[in-house]
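See below for my_file_28.txt, which holds compact mmCIF, C-alpha atoms.
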# COMPACT_ATOMS: atom_id res chain seq x y z
CA MET X 1 -16.02 50.94 7.71
CA ALA X 2 -15.69 47.23 7.01
CA ARG X 3 -15.61 46.14 3.40
CA ALA X 4 -18.35 43.84 2.15
CA ASP X 5 -17.52 40.16 2.42
CA PHE X 6 -16.42 38.43 -0.72
CA ALA X 7 -16.00 34.76 -1.47
CA ALA X 8 -12.34 33.76 -1.83
CA PRO X 9 -11.80 32.52 -5.39
CA ASP X 10 -10.43 29.10 -6.28
CA LEU X 11 -6.75 29.96 -6.59
CA ALA X 12 -5.41 26.45 -7.17
CA ALA X 13 -4.73 26.84 -10.89
CA ASP X 14 -3.16 30.27 -10.44
CA ARG X 15 -1.04 28.94 -7.57
CA ALA X 16 0.24 26.09 -9.77
CA ARG X 17 1.18 28.52 -12.56
CA ALA X 18 2.97 30.80 -10.13
CA LEU X 19 5.02 28.05 -8.52
CA ALA X 20 5.96 26.69 -11.95
CA LEU X 21 7.26 30.13 -12.90
CA THR X 22 9.11 30.65 -9.61
CA PRO X 23 9.82 27.33 -7.84
CA VAL X 24 10.56 27.49 -4.11
CA SER X 25 11.17 25.05 -1.28
CA ARG X 26 8.38 23.14 0.45
CA GLU X 27 8.91 25.22 3.58
CA THR X 28 8.62 28.48 1.64
CA THR X 29 5.50 27.22 -0.13
CA GLN X 30 3.90 26.47 3.22
CA ARG X 31 4.64 30.00 4.43
CA LEU X 32 3.22 31.46 1.23
CA ASP X 33 0.03 29.41 1.57
CA ARG X 34 -0.43 30.74 5.09
CA PHE X 35 0.35 34.27 3.92
CA VAL X 36 -2.40 34.06 1.30
CA GLU X 37 -4.88 32.91 3.94
CA LEU X 38 -3.98 35.82 6.22
CA LEU X 39 -4.07 38.36 3.41
CA LEU X 40 -7.49 37.28 2.15
CA SER X 41 -8.86 37.33 5.68
CA ARG X 42 -7.58 40.86 6.37
CA GLN X 43 -8.67 42.02 2.90
CA ARG X 44 -12.23 41.81 4.17
CA ILE X 45 -11.66 44.83 6.41
CA THR X 46 -8.53 46.51 5.01
CA ASN X 47 -7.86 47.19 1.34
CA LEU X 48 -4.43 45.57 1.00
CA ILE X 49 -4.50 44.90 -2.75
CA SER X 50 -6.88 45.70 -5.57
CA SER X 51 -9.78 43.26 -5.33
CA SER X 52 -9.75 42.86 -9.11
CA THR X 53 -6.35 41.16 -8.86
CA ILE X 54 -7.36 38.53 -6.30
CA PRO X 55 -8.14 35.80 -8.88
CA GLN X 56 -4.51 36.16 -10.08
CA LEU X 57 -3.06 36.71 -6.61
CA TRP X 58 -0.38 34.07 -6.97
CA THR X 59 0.91 35.07 -10.41
CA ARG X 60 0.19 38.81 -10.27
CA HIS X 61 1.64 39.40 -6.81
CA ILE X 62 3.48 36.40 -5.35
CA ALA X 63 5.40 35.11 -8.37
CA ASP X 64 6.05 38.69 -9.45
CA SER X 65 7.73 39.19 -6.07
CA LEU X 66 9.51 35.83 -5.92
CA GLN X 67 11.38 36.43 -9.17
CA LEU X 68 13.34 39.23 -7.51
CA VAL X 69 15.04 36.82 -5.11
CA ASP X 70 16.85 35.07 -7.96
CA LEU X 71 18.37 38.40 -9.01
CA ALA X 72 20.08 38.72 -5.61
CA PRO X 73 20.69 35.13 -4.47
CA ASP X 74 23.28 36.07 -1.86
CA ALA X 75 21.35 38.95 -0.26
CA ARG X 76 21.35 38.93 3.53
CA VAL X 77 19.70 42.28 4.35
CA TRP X 78 16.80 43.40 2.16
CA ILE X 79 14.97 46.73 2.40
CA ASP X 80 11.53 46.93 0.78
CA VAL X 81 10.02 50.38 0.31
CA GLY X 82 6.24 50.79 0.24
CA THR X 83 5.53 47.15 1.03
CA GLY X 84 1.74 47.64 1.09
CA GLY X 85 0.04 44.27 1.39
CA GLY X 86 3.37 42.45 1.53
CA PHE X 87 4.81 42.67 -1.98
CA PRO X 88 7.55 42.00 -2.47
CA GLY X 89 8.80 42.32 1.11
CA LEU X 90 6.82 39.64 2.94
CA VAL X 91 7.19 37.25 0.02
CA VAL X 92 10.95 37.79 0.08
CA GLY X 93 10.85 37.20 3.82
CA CYS X 94 9.15 33.85 3.27
CA VAL X 95 12.18 32.79 1.21
CA LEU X 96 14.88 34.29 3.42
CA ALA X 97 13.45 32.61 6.52
CA ASP X 98 15.30 29.47 5.40
CA ARG X 99 18.63 31.31 5.36
CA PRO X 100 20.42 32.03 8.67
CA GLY X 101 21.48 35.60 9.35
CA THR X 102 19.04 37.29 6.99
CA SER X 103 16.55 40.09 7.61
CA VAL X 104 13.97 42.11 5.71
CA GLN X 105 13.19 45.72 6.56
CA LEU X 106 9.63 46.58 5.50
CA ILE X 107 8.80 50.29 5.11
CA GLU X 108 5.08 51.14 4.95
CA SER X 109 3.68 54.50 5.99
CA SER X 110 0.04 53.32 6.09
CA LEU X 111 -0.50 52.34 9.70
CA LYS X 112 -3.25 49.83 8.86
CA LYS X 113 -1.04 48.07 6.34
CA ALA X 114 1.95 48.23 8.67
CA ALA X 115 -0.14 46.53 11.36
CA PHE X 116 -1.02 43.75 8.93
CA LEU X 117 2.64 43.34 8.00
CA ARG X 118 3.66 43.04 11.66
CA ASP X 119 0.94 40.53 12.46
CA THR X 120 1.73 38.43 9.41
CA ALA X 121 5.50 38.47 9.84
CA ARG X 122 5.01 37.27 13.42
CA ALA X 123 2.57 34.54 12.37
CA LEU X 124 4.86 33.29 9.61
CA GLY X 125 8.01 33.43 11.70
CA ILE X 126 9.95 35.38 9.10
CA PRO X 127 12.94 37.66 9.85
CA ALA X 128 11.17 40.96 9.19
CA ALA X 129 11.10 44.33 10.93
CA VAL X 130 8.22 46.65 10.03
CA HIS X 131 8.66 50.42 10.01
CA GLY X 132 5.42 52.41 9.86
CA ILE X 133 7.17 55.53 8.54
CA ARG X 134 8.14 57.17 5.27
CA VAL X 135 11.32 56.04 3.52
CA GLU X 136 12.89 59.48 4.05
CA ASP X 137 12.57 59.04 7.81
CA PHE X 138 13.75 55.43 7.72
CA ALA X 139 16.91 56.44 5.85
CA LYS X 140 17.78 58.83 8.70
CA ILE X 141 17.66 56.13 11.36
CA PHE X 142 18.91 53.05 9.50
CA GLN X 143 22.47 52.43 10.64
CA GLY X 144 23.24 49.21 8.84
CA ARG X 145 24.01 48.37 5.27
CA ALA X 146 21.62 46.56 2.95
CA ASP X 147 22.33 44.28 0.03
CA VAL X 148 19.07 45.05 -1.80
CA VAL X 149 16.56 47.89 -1.91
CA SER X 150 13.31 47.04 -3.68
CA ALA X 151 10.04 48.80 -4.46
CA ARG X 152 7.08 47.62 -6.48
CA ALA X 153 4.33 49.81 -7.98
CA LEU X 154 5.30 52.75 -5.80
CA ALA X 155 6.39 55.62 -8.08
CA PRO X 156 7.95 56.39 -11.48
CA LEU X 157 11.60 55.36 -11.61
CA LYS X 158 12.98 58.91 -11.51
CA SER X 159 11.09 59.67 -8.28
CA LEU X 160 11.82 56.21 -6.88
CA LEU X 161 15.57 56.69 -7.25
CA ALA X 162 15.33 60.01 -5.42
CA LEU X 163 13.42 58.38 -2.55
CA CYS X 164 15.82 55.45 -2.29
CA PHE X 165 19.08 57.27 -3.01
CA PRO X 166 20.16 57.56 0.67
CA LEU X 167 19.92 53.76 0.89
CA LEU X 168 21.28 52.95 -2.58
CA ARG X 169 24.32 55.20 -2.62
CA LYS X 170 26.33 52.87 -0.41
CA ASN X 171 28.73 50.71 -2.41
CA GLY X 172 27.45 47.32 -3.42
CA VAL X 173 23.74 47.93 -2.83
CA THR X 174 21.46 46.74 -5.63
CA GLY X 175 18.11 48.31 -6.49
CA LEU X 176 15.40 46.00 -7.84
CA PHE X 177 12.39 47.78 -9.29
CA PRO X 178 9.74 45.83 -11.26
CA LYS X 179 8.21 47.94 -14.02
CA GLY X 180 5.64 47.43 -16.76
CA GLN X 181 5.76 48.10 -20.47
CA ASN X 182 7.00 51.66 -19.93
CA ALA X 183 10.21 50.58 -18.20
CA GLN X 184 12.44 51.85 -20.99
CA LEU X 185 10.65 55.20 -21.07
CA GLU X 186 10.94 55.60 -17.29
CA LEU X 187 14.62 54.72 -17.48
CA GLY X 188 15.19 57.36 -20.14
CA GLU X 189 13.53 60.01 -17.97
CA ALA X 190 15.58 58.96 -14.93
CA ALA X 191 18.84 59.08 -16.90
CA ASN X 192 18.49 62.86 -17.16
CA SER X 193 19.00 63.15 -13.40
CA TRP X 194 20.93 60.04 -12.38
CA LYS X 195 24.05 58.11 -13.33
CA MET X 196 23.98 54.38 -12.70
CA LYS X 197 24.83 50.93 -13.91
CA VAL X 198 21.53 49.47 -15.06
CA GLU X 199 20.15 46.25 -16.48
CA LEU X 200 16.64 45.52 -17.73
CA VAL X 201 15.65 41.94 -16.92
CA PRO X 202 12.55 40.46 -18.60
CA SER X 203 9.74 39.69 -16.16
CA ARG X 204 8.63 36.08 -15.85
CA THR X 205 5.06 37.13 -15.04
CA ASP X 206 4.47 39.95 -17.55
CA PRO X 207 5.76 39.53 -21.13
CA ALA X 208 5.90 43.31 -21.53
CA GLY X 209 7.37 43.96 -18.09
CA ARG X 210 10.97 44.52 -17.07
CA ILE X 211 12.82 44.52 -13.76
CA VAL X 212 15.11 47.52 -13.53
CA VAL X 213 18.32 46.46 -11.78
CA VAL X 214 20.29 49.48 -10.53
CA ARG X 215 23.83 49.61 -9.15
CA ASP X 216 26.33 52.38 -8.36
CA LEU X 217 23.69 55.11 -8.28
CA GLU X 218 24.99 58.70 -8.36
CA ARG X 219 23.38 62.06 -8.92
CA GLY X 220 23.75 63.37 -12.44
CA SER X 221 25.76 66.48 -13.21
Could I get this file's structure written as structure tokens?
Amino acid sequence: MARADFAAPDLAADRARALALTPVSRETTQRLDRFVELLLSRQRITNLISSSTIPQLWTRHIADSLQLVDLAPDARVWIDVGTGGGFPGLVVGCVLADRPGTSVQLIESSLKKAAFLRDTARALGIPAAVHGIRVEDFAKIFQGRADVVSARALAPLKSLLALCFPLLRKNGVTGLFPKGQNAQLELGEAANSWKMKVELVPSRTDPAGRIVVVRDLERGS
């Protein structure tokens, strides 16, 4: 059933705040503007993000995603797990489109959301491949090697590491996992099952939030 129409809010002020927090090139900004148009249009019929967050779409979702790129500036191959409405995967793709030889693998098991991701990636001309399957199945077929594995608002860190372990266990792969105010607590729970090199990076968009940066992930004893 189609969702009721809603009037798109005036996002200009939120857009300005977001781009001040996470500056990008003119070309990337143009892609992001088009992405927002496409997302709001599809949101009328498919629930891509919580409607309550639309007035803060740029800061809550786009800037929150953009800040991850600076933590892996040399990444060429990026895997995003549970991309949903495009965060952070499509946003990362908007940046990487300016860099030759890059690609983003978007994993989204919801077929409706995966269809949106495919349509949008094609419209924006970004180097993205969309996989409408679960991460466990993707890990079985992915033959390459990634530089980054990311996931946003998907699962507690302990469960997230278990899901992503087949992709993260290869040497040199970095995990980037934005978390809220309970990041330290989630990390403590995960440490009972996993050994890793980890860094907590303050979020630019949430004063209480942290980005959990994971390297050299191994199962605990």
Practice prompt. Have a look at X:Ser109, X:Thr46, X:Ser52, X:Ser103 and name the one nearest to X:Phe138; count only C-alpha atoms.
Written response: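 Checking each candidate against X:Phe138, we get X:Ser109 as the closest.
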Discussion item. Show me, as a PyMOL selection string, the residues that have an atom within 8 Å of stretch 85-96 of chain X when counting all atoms listed in the file, minus same-chain residues fewer than 3 positions from it.
Written reply: chain X and resi 24+28+31-32+39+48-49+61-62+64-66+69+76+79-80+99-100+102-106+113+116-117+121+124+126-128+150-152
Please produce a file of those selected residues containing C-alpha atoms, as a PDB file, in the coordinates of the input.
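Result went into again.pdb, see below:
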ATOM      1  CA  VAL X  24      10.560  27.490  -4.110  1.00  0.00           C
ATOM      2  CA  THR X  28       8.620  28.480   1.640  1.00  0.00           C
ATOM      3  CA  ARG X  31       4.640  30.000   4.430  1.00  0.00           C
ATOM      4  CA  LEU X  32       3.220  31.460   1.230  1.00  0.00           C
ATOM      5  CA  LEU X  39      -4.070  38.360   3.410  1.00  0.00           C
ATOM      6  CA  LEU X  48      -4.430  45.570   1.000  1.00  0.00           C
ATOM      7  CA  ILE X  49      -4.500  44.900  -2.750  1.00  0.00           C
ATOM      8  CA  HIS X  61       1.640  39.400  -6.810  1.00  0.00           C
ATOM      9  CA  ILE X  62       3.480  36.400  -5.350  1.00  0.00           C
ATOM     10  CA  ASP X  64       6.050  38.690  -9.450  1.00  0.00           C
ATOM     11  CA  SER X  65       7.730  39.190  -6.070  1.00  0.00           C
ATOM     12  CA  LEU X  66       9.510  35.830  -5.920  1.00  0.00           C
ATOM     13  CA  VAL X  69      15.040  36.820  -5.110  1.00  0.00           C
ATOM     14  CA  ARG X  76      21.350  38.930   3.530  1.00  0.00           C
ATOM     15  CA  ILE X  79      14.970  46.730   2.400  1.00  0.00           C
ATOM     16  CA  ASP X  80      11.530  46.930   0.780  1.00  0.00           C
ATOM     17  CA  ARG X  99      18.630  31.310   5.360  1.00  0.00           C
ATOM     18  CA  PRO X 100      20.420  32.030   8.670  1.00  0.00           C
ATOM     19  CA  THR X 102      19.040  37.290   6.990  1.00  0.00           C
ATOM     20  CA  SER X 103      16.550  40.090   7.610  1.00  0.00           C
ATOM     21  CA  VAL X 104      13.970  42.110   5.710  1.00  0.00           C
ATOM     22  CA  GLN X 105      13.190  45.720   6.560  1.00  0.00           C
ATOM     23  CA  LEU X 106       9.630  46.580   5.500  1.00  0.00           C
ATOM     24  CA  LYS X 113      -1.040  48.070   6.340  1.00  0.00           C
ATOM     25  CA  PHE X 116      -1.020  43.750   8.930  1.00  0.00           C
ATOM     26  CA  LEU X 117       2.640  43.340   8.000  1.00  0.00           C
ATOM     27  CA  ALA X 121       5.500  38.470   9.840  1.00  0.00           C
ATOM     28  CA  LEU X 124       4.860  33.290   9.610  1.00  0.00           C
ATOM     29  CA  ILE X 126       9.950  35.380   9.100  1.00  0.00           C
ATOM     30  CA  PRO X 127      12.940  37.660   9.850  1.00  0.00           C
ATOM     31  CA  ALA X 128      11.170  40.960   9.190  1.00  0.00           C
ATOM     32  CA  SER X 150      13.310  47.040  -3.680  1.00  0.00           C
ATOM     33  CA  ALA X 151      10.040  48.800  -4.460  1.00  0.00           C
ATOM     34  CA  ARG X 152       7.080  47.620  -6.480  1.00  0.00           C
TER      35      ARG X 152
END
Worksheet item: How many Å separate atom CA of X:Lys195 from atom CA of X:Arg215?
Response: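 Taking atom CA of X:Lys195 and atom CA of X:Arg215, their separation equals 9.5 Å.
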Practice prompt. Find the residues near X:Ala114: any atom within 7 Å, counting only C-alpha atoms, skip ones fewer than 5 places away on the same chain, and give them as a PyMOL selection string.
Written response: chain X and resi 108+130+132
Item to complete: List the neighbours of X:Glu199 out to 9 Å using all atoms listed in the file; skip same-chain residues closer than 4 positions along the sequence, and give me the result as a list in words.
Response: Ile211, Val212, Val213, Val214 and Arg215 of chain X
Residues at most 12 Å from X:Arg145, counting only C-alpha atoms, excluding those fewer than 3 positions away in the same chain, as a PDB file with C-alpha atoms, keeping the file's coordinate frame?
ATOM      1  CA  ALA X  75      21.350  38.950  -0.260  1.00  0.00           C
ATOM      2  CA  ARG X  76      21.350  38.930   3.530  1.00  0.00           C
ATOM      3  CA  VAL X  77      19.700  42.280   4.350  1.00  0.00           C
ATOM      4  CA  TRP X  78      16.800  43.400   2.160  1.00  0.00           C
ATOM      5  CA  ILE X  79      14.970  46.730   2.400  1.00  0.00           C
ATOM      6  CA  SER X 103      16.550  40.090   7.610  1.00  0.00           C
ATOM      7  CA  VAL X 104      13.970  42.110   5.710  1.00  0.00           C
ATOM      8  CA  GLN X 105      13.190  45.720   6.560  1.00  0.00           C
ATOM      9  CA  ALA X 139      16.910  56.440   5.850  1.00  0.00           C
ATOM     10  CA  ILE X 141      17.660  56.130  11.360  1.00  0.00           C
ATOM     11  CA  PHE X 142      18.910  53.050   9.500  1.00  0.00           C
ATOM     12  CA  VAL X 148      19.070  45.050  -1.800  1.00  0.00           C
ATOM     13  CA  VAL X 149      16.560  47.890  -1.910  1.00  0.00           C
ATOM     14  CA  PRO X 166      20.160  57.560   0.670  1.00  0.00           C
ATOM     15  CA  LEU X 167      19.920  53.760   0.890  1.00  0.00           C
ATOM     16  CA  LEU X 168      21.280  52.950  -2.580  1.00  0.00           C
ATOM     17  CA  ARG X 169      24.320  55.200  -2.620  1.00  0.00           C
ATOM     18  CA  LYS X 170      26.330  52.870  -0.410  1.00  0.00           C
ATOM     19  CA  ASN X 171      28.730  50.710  -2.410  1.00  0.00           C
ATOM     20  CA  GLY X 172      27.450  47.320  -3.420  1.00  0.00           C
ATOM     21  CA  VAL X 173      23.740  47.930  -2.830  1.00  0.00           C
ATOM     22  CA  THR X 174      21.460  46.740  -5.630  1.00  0.00           C
TER      23      THR X 174
END
Worksheet item: Using only C-alpha atoms, which of the listed residues (X:Arg134, X:Arg26, X:Arg219, X:Arg122) sits closest to X:Gly82?
Response: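 Between X:Arg134, X:Arg26, X:Arg219, X:Arg122, the residue approaching X:Gly82 most closely is X:Arg134.
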Item to complete: Considering all atoms listed in the file, state which residue in the set X:Asp74, X:Trp194, X:Ser51, X:Gly175 is at the smallest distance from X:Gly101.
Response: X:Asp74
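The spacing separating atom CA of X:Ala13 from atom CA of X:Gln181 amounts to 25.6 Å.
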Item to complete: Would you work out the distance separating atom CA of X:Leu217 from atom CA of X:Ala191, expressed in Å to one decimal?
Response: 10.7 Å
Item to complete: Find, counting only C-alpha atoms, the residue in X:Leu176, X:Ser50, X:Leu57, X:Arg42 that gets nearest to X:Ala115.
Response: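 For X:Ala115, the nearest of the given residues is X:Arg42.
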Contacts of stretch 60-157 of chain X with stretch 184-189 of chain X up to 12 Å, shortest pair per row, all atoms listed in the file, as JSON lines:
{"residue": "X:Ala155", "atom": "CA", "partner": "X:Glu186", "partner_atom": "CA", "distance": 10.3}
{"residue": "X:Pro156", "atom": "CA", "partner": "X:Glu186", "partner_atom": "CA", "distance": 6.6}
{"residue": "X:Leu157", "atom": "CA", "partner": "X:Glu186", "partner_atom": "CA", "distance": 5.7}
